[in-house]
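Student: This is the content of final.txt (compact mmCIF, C-alpha atoms):
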```
# COMPACT_ATOMS: atom_id res chain seq x y z
CA MET A 1 43.25 32.20 34.29
CA PRO A 2 40.06 30.17 33.72
CA LEU A 3 37.85 29.59 36.75
CA THR A 4 36.40 26.32 35.51
CA GLN A 5 38.03 22.96 34.90
CA ILE A 6 39.03 22.54 31.27
CA ASP A 7 38.45 19.17 29.61
CA VAL A 8 39.86 19.96 26.16
CA ILE A 9 42.23 22.65 24.93
CA LEU A 10 42.37 23.87 21.33
CA ASP A 11 45.44 25.92 20.45
CA ALA A 12 44.19 27.81 17.40
CA ARG A 13 46.95 30.41 17.45
CA GLY A 14 48.06 31.31 13.94
CA LEU A 15 44.86 29.96 12.38
CA ALA A 16 42.87 32.45 10.34
CA CYS A 17 39.10 32.68 9.88
CA PRO A 18 37.21 30.34 9.62
CA MET A 19 39.50 27.72 11.12
CA PRO A 20 39.17 28.62 14.85
CA ILE A 21 35.40 28.14 14.63
CA VAL A 22 35.58 25.17 12.26
CA LYS A 23 38.03 23.31 14.50
CA THR A 24 35.94 24.20 17.54
CA ALA A 25 32.81 22.81 15.88
CA GLN A 26 34.67 19.64 14.91
CA LEU A 27 35.97 19.15 18.47
CA MET A 28 32.61 19.88 20.11
CA LYS A 29 31.06 17.09 18.04
CA THR A 30 33.38 14.61 19.76
CA MET A 31 32.70 15.98 23.28
CA THR A 32 29.90 15.06 25.66
CA ALA A 33 27.39 17.41 27.24
CA GLY A 34 28.84 19.41 30.11
CA GLN A 35 32.44 19.17 28.98
CA THR A 36 34.44 22.37 28.63
CA LEU A 37 36.73 23.49 25.84
CA GLU A 38 39.31 26.26 26.03
CA VAL A 39 40.29 27.86 22.74
CA ILE A 40 43.34 30.06 22.33
CA SER A 41 43.25 32.21 19.22
CA THR A 42 45.13 35.06 17.58
CA ASP A 43 42.31 35.90 15.16
CA ALA A 44 40.73 39.24 16.11
CA GLY A 45 37.47 38.30 14.40
CA SER A 46 37.10 35.29 16.66
CA VAL A 47 35.73 37.37 19.54
CA LYS A 48 32.46 38.03 17.76
CA ASP A 49 32.60 34.66 16.00
CA PHE A 50 32.62 32.68 19.25
CA ALA A 51 29.81 34.77 20.73
CA ALA A 52 27.74 34.21 17.60
CA TRP A 53 28.58 30.53 17.27
CA THR A 54 27.67 29.65 20.85
CA ARG A 55 24.48 31.71 20.64
CA THR A 56 23.38 29.92 17.46
CA THR A 57 24.36 26.39 18.43
CA GLY A 58 23.07 26.58 22.01
CA ASN A 59 26.45 25.89 23.55
CA LEU A 60 27.65 28.13 26.38
CA LEU A 61 30.38 30.72 26.19
CA LEU A 62 31.63 30.80 29.77
CA GLU A 63 34.54 33.15 29.28
CA SER A 64 35.85 35.46 26.59
CA SER A 65 39.02 37.37 27.34
CA SER A 66 42.21 38.63 25.77
CA ASP A 67 45.75 39.57 26.71
CA ALA A 68 48.03 41.31 24.21
CA ALA A 69 47.02 39.80 20.86
CA THR A 70 45.84 36.44 22.19
CA TYR A 71 42.19 35.62 22.80
CA HIS A 72 40.93 33.01 25.26
CA PHE A 73 37.49 31.42 25.12
CA VAL A 74 36.00 28.82 27.42
CA LEU A 75 32.98 26.96 26.05
CA ARG A 76 30.74 24.37 27.60
CA LYS A 77 28.96 21.84 25.44
CA ALA A 78 25.22 21.98 26.06
CA MET B 1 19.65 29.74 9.96
CA ASP B 2 17.38 26.86 8.93
CA GLU B 3 17.20 27.88 5.28
CA PRO B 4 20.27 26.75 3.35
CA LEU B 5 22.98 29.11 2.18
CA ASN B 6 23.10 28.72 -1.60
CA LEU B 7 26.28 29.69 -3.41
CA ILE B 8 26.47 29.79 -7.19
CA LEU B 9 30.16 29.77 -8.07
CA PHE B 10 30.99 31.17 -11.49
CA SER B 11 34.48 32.66 -11.04
CA GLY B 12 37.44 30.30 -11.01
CA THR B 13 40.16 32.39 -9.40
CA ASP B 14 41.79 31.28 -6.15
CA ASP B 15 40.72 34.39 -4.23
CA LYS B 16 37.03 34.06 -5.05
CA LEU B 17 37.04 30.31 -4.47
CA GLN B 18 38.70 30.82 -1.08
CA ALA B 19 36.08 33.42 -0.18
CA ALA B 20 33.35 30.95 -1.16
CA ALA B 21 35.02 28.19 0.84
CA VAL B 22 35.32 30.35 3.95
CA LEU B 23 31.64 31.39 3.69
CA SER B 24 30.71 27.72 3.35
CA ALA B 25 32.81 26.64 6.31
CA GLY B 26 31.39 29.36 8.52
CA ALA B 27 27.83 28.39 7.69
CA ALA B 28 28.58 24.70 8.09
CA ALA B 29 30.10 25.29 11.52
CA LEU B 30 26.86 27.02 12.56
CA GLY B 31 24.83 24.01 11.49
CA ARG B 32 23.43 25.79 8.45
CA PRO B 33 23.20 23.64 5.31
CA VAL B 34 25.11 24.90 2.29
CA ASN B 35 24.37 24.18 -1.37
CA VAL B 36 27.12 24.96 -3.85
CA PHE B 37 26.43 25.08 -7.59
CA LEU B 38 29.54 25.03 -9.80
CA GLN B 39 29.34 26.83 -13.13
CA TYR B 40 31.83 27.82 -15.81
CA TRP B 41 35.32 28.61 -14.51
CA ALA B 42 34.54 27.57 -10.93
CA LEU B 43 33.58 24.13 -12.25
CA ASP B 44 36.77 24.03 -14.30
CA ALA B 45 38.80 24.68 -11.14
CA PHE B 46 37.27 21.57 -9.51
CA ARG B 47 38.68 19.26 -12.18
CA ALA B 48 40.64 16.52 -10.45
CA ASP B 49 43.77 17.23 -12.49
CA ARG B 50 43.60 21.01 -11.87
CA ILE B 51 42.17 21.55 -8.39
CA ASP B 52 45.58 21.83 -6.72
CA ARG B 53 47.07 24.13 -9.34
CA SER B 54 47.14 27.92 -9.16
CA HIS B 55 44.06 29.52 -10.67
CA GLY B 56 45.25 33.10 -10.48
CA LEU B 57 43.52 36.03 -8.88
CA ALA B 58 40.74 38.39 -9.96
CA PRO B 59 42.04 41.34 -12.06
CA GLU B 60 41.54 43.86 -9.27
CA ALA B 61 44.12 42.03 -7.16
CA GLY B 62 47.04 43.32 -9.18
CA ASP B 63 50.64 42.73 -8.17
CA GLU B 64 50.11 43.94 -4.63
CA GLY B 65 47.16 41.58 -4.23
CA ARG B 66 49.32 38.71 -5.42
CA ARG B 67 51.94 39.59 -2.79
CA GLN B 68 49.29 39.78 -0.07
CA VAL B 69 47.77 36.43 -1.02
CA ASP B 70 51.19 34.79 -1.18
CA ALA B 71 52.02 36.19 2.28
CA LEU B 72 48.86 34.66 3.72
CA THR B 73 49.65 31.33 2.10
CA ALA B 74 53.19 31.47 3.48
CA ALA B 75 51.70 32.14 6.93
CA GLY B 76 49.89 28.82 6.69
CA GLN B 77 46.50 29.49 5.15
CA GLN B 78 45.29 26.32 3.47
CA SER B 79 44.01 26.06 -0.09
CA TRP B 80 40.37 26.75 -0.89
CA ALA B 81 39.96 23.07 -1.72
CA GLU B 82 41.14 22.13 1.77
CA THR B 83 38.81 24.75 3.30
CA PHE B 84 35.90 23.15 1.40
CA ARG B 85 36.94 19.72 2.71
CA GLN B 86 36.96 21.08 6.27
CA ALA B 87 33.54 22.65 5.65
CA LYS B 88 32.16 19.28 4.56
CA ASP B 89 33.66 17.63 7.60
CA VAL B 90 32.08 20.05 10.05
CA GLY B 91 28.62 20.38 8.52
CA SER B 92 26.31 19.80 5.59
CA VAL B 93 27.82 21.13 2.37
CA ASP B 94 26.49 19.74 -0.92
CA VAL B 95 28.53 20.54 -4.02
CA GLN B 96 26.85 20.06 -7.37
CA ALA B 97 28.24 20.55 -10.87
CA CYS B 98 26.03 22.44 -13.28
CA SER B 99 25.15 20.03 -16.09
CA LEU B 100 25.14 22.82 -18.68
CA SER B 101 28.67 23.81 -17.67
CA MET B 102 29.72 20.16 -17.86
CA ASP B 103 28.66 20.25 -21.51
CA LEU B 104 30.43 23.56 -22.01
CA LEU B 105 33.71 22.19 -20.68
CA GLY B 106 33.22 18.80 -22.30
CA ILE B 107 33.87 16.87 -19.10
CA GLY B 108 32.30 13.98 -17.26
CA PHE B 109 31.70 13.44 -13.56
CA ALA B 110 34.75 11.20 -13.36
CA ASP B 111 36.93 14.17 -14.33
CA LEU B 112 35.96 16.05 -11.16
CA ASP B 113 37.54 16.07 -7.71
CA PRO B 114 35.75 14.00 -5.02
CA LEU B 115 34.64 17.29 -3.44
CA VAL B 116 31.89 17.35 -6.08
CA ASP B 117 28.90 15.31 -4.92
CA GLY B 118 26.95 15.16 -8.16
CA VAL B 119 25.65 16.83 -11.29
CA GLU B 120 22.35 18.66 -11.50
CA GLY B 121 20.50 21.20 -13.55
CA VAL B 122 19.34 24.65 -12.54
CA THR B 123 15.83 23.44 -11.66
CA ALA B 124 17.03 21.00 -9.01
CA PHE B 125 19.37 23.64 -7.66
CA HIS B 126 16.53 26.18 -7.31
CA LEU B 127 14.29 23.63 -5.60
CA ASN B 128 16.98 22.62 -3.10
CA ALA B 129 17.70 26.30 -2.44
CA GLY B 130 14.31 26.69 -0.76
CA ASN B 131 13.86 30.16 0.68
CA GLY B 132 17.54 30.60 1.40
CA PRO B 133 19.53 33.32 -0.33
CA LEU B 134 21.10 32.86 -3.77
CA VAL B 135 24.64 34.19 -3.74
CA PHE B 136 26.52 34.55 -7.03
CA ILE B 137 30.31 34.54 -6.79
```
Would you kindly transcribe this structure into structure tokens?
Tutor:
Amino acid sequence: MPLTQIDVILDARGLACPMPIVKTAQLMKTMTAGQTLEVISTDAGSVKDFAAWTRTTGNLLLESSSDAATYHFVLRKA
Amino acid sequence: MDEPLNLILFSGTDDKLQAAAVLSAGAAALGRPVNVFLQYWALDAFRADRIDRSHGLAPEAGDEGRRQVDALTAAGQQSWAETFRQAKDVGSVDVQACSLSMDLLGIGFADLDPLVDGVEGVTAFHLNAGNGPLVFI
């Protein structure tokens, strides 16, 4: 359960690389600084992808977790 | 990540074009500019009247590869053309047709899908590539 308030949710379940990141990048462009985005993904590669993407773009990865085969990420737009 | 990712696409099979599209989309999502140079059979695949048709798979795919690719498509993976469109939407991806290959195929710019931004020669491509890597697919 996320600890922070979520402004936008992206259900990326069933989407394969690179779509979870691509859709996240598209959504983040429409968001304002400080807003949070939760992404739900079933792509195993997305764990490292989201860490790398936030590191490179300067956005914050607040949470990265998984249960069964589903991955949850909470990002904050910088 | 400031130097562009430069992809020279030579092969025109669906698997290699999808791989190129995914690499482009990933770079674009990271804010890295991508330059794509279409040569030979990759350029042919971008013809407006052929882009949505099947372009086969590389020989090493074999029958099992065909089954695996079809399974991924059935699970909802989009075409490489659509992946390129998404890449352009999320970041800076410039797609240029090699003028020499245009002559080879006997086609004009109007014959190409709107994904193609222009026609250029190898010199312009090298200059725009800067110090970024040159990747040949």
Student: Please, which residues of chain A lie no more than 6 Å from chain B when the count uses only C-alpha atoms, and can they be set out as a list of chain:residue names?
Tutor: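 Listing them in order of chain and number gives A:Pro18, A:Val22, A:Ala25, A:Gln26.
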Student: Rank nothing, just name the residue among B:Ile51, B:Val122, B:Ala97, B:Ala129 nearest to Asp2 of chain B, using all atoms listed in the file.
Tutor: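 Checking each candidate against Asp2 of chain B, we get B:Ala129 as the closest.
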Student: With all atoms listed in the file as the counted atoms, please give the residues lying no more than 12 Å from segment 29-34 of chain A, apart from itself and same-chain residues fewer than 6 positions off, as a list in words.
Tutor: Thr4, Gln5, Ile6, Asp7, Val8, Ile9, Val22, Lys23, Thr57, Gly58, Asn59, Leu60, Leu62, Leu75, Arg76, Lys77 and Ala78 of chain A; Ala29, Gly31, Asp89, Val90 and Gly91 of chain B
Student: Which centre and edge lengths in Å to one decimal define the box along x, y and z that fits every listed atom of segment 7-16 of chain A plus 8 Å per side, as AutoDock Vina command-line options?
Tutor:
```
--center_x 43.3 --center_y 25.8 --center_z 20.0 --size_x 25.6 --size_y 29.3 --size_z 35.3
```
Student: Measuring atom to atom with only C-alpha atoms, identify which of B:Ser79, B:Gln18, B:Ser11, B:Asn128 is nearest to Leu38 of chain B.
Tutor: B:Ser11
Student: Can you pull out every residue within 10 Å of segment 103-110 of chain B, counting only C-alpha atoms, but drop anything in the same chain fewer than 3 positions away, and send it as a list in words?
Tutor: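 Once the adjacent positions are removed, what remains is Gln39, Tyr40, Trp41, Leu43, Asp44, Arg47, Ala48, Ala97, Cys98, Ser99, Leu100, Asp113, Pro114, Val116, Asp117, Gly118 and Val119 of chain B.
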Student: Could you check the closest approach to Phe73 of chain A for each of A:Leu15, A:Leu61, A:Thr56, A:Thr42 and tell me which residue wins, using all atoms listed in the file?
Tutor: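 Nearest to Phe73 of chain A: A:Leu61.
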Student: Could you list as a compact mmCIF listing (two decimals) with C-alpha atoms, in the coordinates of the input every residue that has an atom within 8 Å of (23.6, 34.5, -4.0), using the file's coordinates and counting only C-alpha atoms?
Tutor:
```txt
# COMPACT_ATOMS: atom_id res chain seq x y z
CA ASN B 6 23.10 28.72 -1.60
CA LEU B 7 26.28 29.69 -3.41
CA ILE B 8 26.47 29.79 -7.19
CA PRO B 133 19.53 33.32 -0.33
CA LEU B 134 21.10 32.86 -3.77
CA VAL B 135 24.64 34.19 -3.74
CA PHE B 136 26.52 34.55 -7.03
CA ILE B 137 30.31 34.54 -6.79
```
Student: Could you check how far atom CA of Met102 of chain B sits from atom CA of Gly132 of chain B, in Å to one decimal?
Tutor: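 Atom CA of Gly132 of chain B lies 25.1 Å from atom CA of Met102 of chain B.
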Student: Counting all atoms listed in the file, which residue out of A:Trp53, A:Val74, A:Ala69, A:Arg13 sits closest to Ser41 of chain A?
Tutor: A:Arg13
Student: Provide the atom CA of Glu60 of chain B to atom CA of Leu5 of chain B distance in Å, to one decimal place.
Tutor: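 Computing it gives 26.3 Å between the two atoms.
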Student: Tell me, as a PyMOL selection string, which residues lie within 9 Å of Asp15 of chain B, counting all atoms listed in the file; anything in the same chain fewer than 3 positions away does not count.
Tutor: chain B and resi 12+18-20+55-58+61+69+80
Student: Include C-alpha atoms and write out the residues we just selected as a tab-separated table (two decimals), in the frame of the given file.
Tutor:
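Okay, this is what ended up in again.tsv:
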```tsv
chain	number	residue	atom	x	y	z
B	12	GLY	CA	37.44	30.30	-11.01
B	18	GLN	CA	38.70	30.82	-1.08
B	19	ALA	CA	36.08	33.42	-0.18
B	20	ALA	CA	33.35	30.95	-1.16
B	55	HIS	CA	44.06	29.52	-10.67
B	56	GLY	CA	45.25	33.10	-10.48
B	57	LEU	CA	43.52	36.03	-8.88
B	58	ALA	CA	40.74	38.39	-9.96
B	61	ALA	CA	44.12	42.03	-7.16
B	69	VAL	CA	47.77	36.43	-1.02
B	80	TRP	CA	40.37	26.75	-0.89
```
Student: Can you give me N, CA and C atoms for segment 45-81 of chain B, written as a JSON list (two decimals), keeping the file's coordinate frame?
Tutor:
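Dumped to result_35.json:
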```
[["chain", "number", "residue", "atom", "x", "y", "z"],
["B", 45, "ALA", "N", 37.79, 24.73, -12.21],
["B", 45, "ALA", "CA", 38.80, 24.68, -11.14],
["B", 45, "ALA", "C", 38.67, 23.42, -10.29],
["B", 46, "PHE", "N", 37.49, 22.78, -10.31],
["B", 46, "PHE", "CA", 37.27, 21.57, -9.51],
["B", 46, "PHE", "C", 37.63, 20.30, -10.27],
["B", 47, "ARG", "N", 38.22, 20.45, -11.48],
["B", 47, "ARG", "CA", 38.68, 19.26, -12.18],
["B", 47, "ARG", "C", 39.77, 18.59, -11.36],
["B", 48, "ALA", "N", 39.72, 17.28, -11.29],
["B", 48, "ALA", "CA", 40.64, 16.52, -10.45],
["B", 48, "ALA", "C", 42.09, 16.81, -10.80],
["B", 49, "ASP", "N", 42.38, 17.02, -12.08],
["B", 49, "ASP", "CA", 43.77, 17.23, -12.49],
["B", 49, "ASP", "C", 44.17, 18.70, -12.42],
["B", 50, "ARG", "N", 43.26, 19.57, -11.94],
["B", 50, "ARG", "CA", 43.60, 21.01, -11.87],
["B", 50, "ARG", "C", 43.35, 21.63, -10.50],
["B", 51, "ILE", "N", 42.64, 20.92, -9.63],
["B", 51, "ILE", "CA", 42.17, 21.55, -8.39],
["B", 51, "ILE", "C", 43.32, 22.06, -7.53],
["B", 52, "ASP", "N", 44.47, 21.40, -7.56],
["B", 52, "ASP", "CA", 45.58, 21.83, -6.72],
["B", 52, "ASP", "C", 46.53, 22.80, -7.41],
["B", 53, "ARG", "N", 46.21, 23.18, -8.64],
["B", 53, "ARG", "CA", 47.07, 24.13, -9.34],
["B", 53, "ARG", "C", 46.64, 25.56, -9.02],
["B", 54, "SER", "N", 47.48, 26.51, -9.37],
["B", 54, "SER", "CA", 47.14, 27.92, -9.16],
["B", 54, "SER", "C", 46.11, 28.33, -10.20],
["B", 55, "HIS", "N", 45.09, 29.04, -9.75],
["B", 55, "HIS", "CA", 44.06, 29.52, -10.67],
["B", 55, "HIS", "C", 44.06, 31.03, -10.79],
["B", 56, "GLY", "N", 45.14, 31.65, -10.34],
["B", 56, "GLY", "CA", 45.25, 33.10, -10.48],
["B", 56, "GLY", "C", 44.32, 33.85, -9.55],
["B", 57, "LEU", "N", 44.34, 35.16, -9.71],
["B", 57, "LEU", "CA", 43.52, 36.03, -8.88],
["B", 57, "LEU", "C", 42.66, 36.91, -9.78],
["B", 58, "ALA", "N", 41.60, 37.46, -9.22],
["B", 58, "ALA", "CA", 40.74, 38.39, -9.96],
["B", 58, "ALA", "C", 41.59, 39.59, -10.39],
["B", 59, "PRO", "N", 41.22, 40.24, -11.52],
["B", 59, "PRO", "CA", 42.04, 41.34, -12.06],
["B", 59, "PRO", "C", 42.33, 42.44, -11.05],
["B", 60, "GLU", "N", 41.34, 42.74, -10.21],
["B", 60, "GLU", "CA", 41.54, 43.86, -9.27],
["B", 60, "GLU", "C", 42.62, 43.58, -8.22],
["B", 61, "ALA", "N", 43.08, 42.32, -8.14],
["B", 61, "ALA", "CA", 44.12, 42.03, -7.16],
["B", 61, "ALA", "C", 45.42, 42.73, -7.51],
["B", 62, "GLY", "N", 45.79, 42.68, -8.77],
["B", 62, "GLY", "CA", 47.04, 43.32, -9.18],
["B", 62, "GLY", "C", 48.25, 42.66, -8.55],
["B", 63, "ASP", "N", 49.40, 43.30, -8.71],
["B", 63, "ASP", "CA", 50.64, 42.73, -8.17],
["B", 63, "ASP", "C", 50.63, 42.75, -6.64],
["B", 64, "GLU", "N", 50.11, 43.86, -6.09],
["B", 64, "GLU", "CA", 50.11, 43.94, -4.63],
["B", 64, "GLU", "C", 49.20, 42.86, -4.03],
["B", 65, "GLY", "N", 48.07, 42.63, -4.68],
["B", 65, "GLY", "CA", 47.16, 41.58, -4.23],
["B", 65, "GLY", "C", 47.84, 40.22, -4.24],
["B", 66, "ARG", "N", 48.60, 39.98, -5.30],
["B", 66, "ARG", "CA", 49.32, 38.71, -5.42],
["B", 66, "ARG", "C", 50.28, 38.56, -4.25],
["B", 67, "ARG", "N", 51.00, 39.65, -3.92],
["B", 67, "ARG", "CA", 51.94, 39.59, -2.79],
["B", 67, "ARG", "C", 51.20, 39.31, -1.50],
["B", 68, "GLN", "N", 50.04, 39.95, -1.31],
["B", 68, "GLN", "CA", 49.29, 39.78, -0.07],
["B", 68, "GLN", "C", 48.76, 38.35, 0.06],
["B", 69, "VAL", "N", 48.28, 37.80, -1.05],
["B", 69, "VAL", "CA", 47.77, 36.43, -1.02],
["B", 69, "VAL", "C", 48.91, 35.45, -0.74],
["B", 70, "ASP", "N", 50.04, 35.68, -1.39],
["B", 70, "ASP", "CA", 51.19, 34.79, -1.18],
["B", 70, "ASP", "C", 51.66, 34.85, 0.28],
["B", 71, "ALA", "N", 51.59, 36.05, 0.88],
["B", 71, "ALA", "CA", 52.02, 36.19, 2.28],
["B", 71, "ALA", "C", 51.10, 35.38, 3.19],
["B", 72, "LEU", "N", 49.81, 35.41, 2.90],
["B", 72, "LEU", "CA", 48.86, 34.66, 3.72],
["B", 72, "LEU", "C", 49.09, 33.16, 3.56],
["B", 73, "THR", "N", 49.37, 32.74, 2.34],
["B", 73, "THR", "CA", 49.65, 31.33, 2.10],
["B", 73, "THR", "C", 50.91, 30.91, 2.84],
["B", 74, "ALA", "N", 51.93, 31.77, 2.80],
["B", 74, "ALA", "CA", 53.19, 31.47, 3.48],
["B", 74, "ALA", "C", 52.99, 31.40, 4.99],
["B", 75, "ALA", "N", 51.98, 32.15, 5.50],
["B", 75, "ALA", "CA", 51.70, 32.14, 6.93],
["B", 75, "ALA", "C", 50.89, 30.92, 7.33],
["B", 76, "GLY", "N", 50.53, 30.09, 6.36],
["B", 76, "GLY", "CA", 49.89, 28.82, 6.69],
["B", 76, "GLY", "C", 48.44, 28.68, 6.28],
["B", 77, "GLN", "N", 47.88, 29.68, 5.58],
["B", 77, "GLN", "CA", 46.50, 29.49, 5.15],
["B", 77, "GLN", "C", 46.41, 28.33, 4.15],
["B", 78, "GLN", "N", 45.40, 27.48, 4.35],
["B", 78, "GLN", "CA", 45.29, 26.32, 3.47],
["B", 78, "GLN", "C", 44.60, 26.70, 2.16],
["B", 79, "SER", "N", 44.65, 25.81, 1.21],
["B", 79, "SER", "CA", 44.01, 26.06, -0.09],
["B", 79, "SER", "C", 42.50, 26.11, 0.06],
["B", 80, "TRP", "N", 41.82, 26.69, -0.93],
["B", 80, "TRP", "CA", 40.37, 26.75, -0.89],
["B", 80, "TRP", "C", 39.78, 25.34, -0.95],
["B", 81, "ALA", "N", 40.45, 24.46, -1.65],
["B", 81, "ALA", "CA", 39.96, 23.07, -1.72],
["B", 81, "ALA", "C", 39.98, 22.44, -0.33]]
```
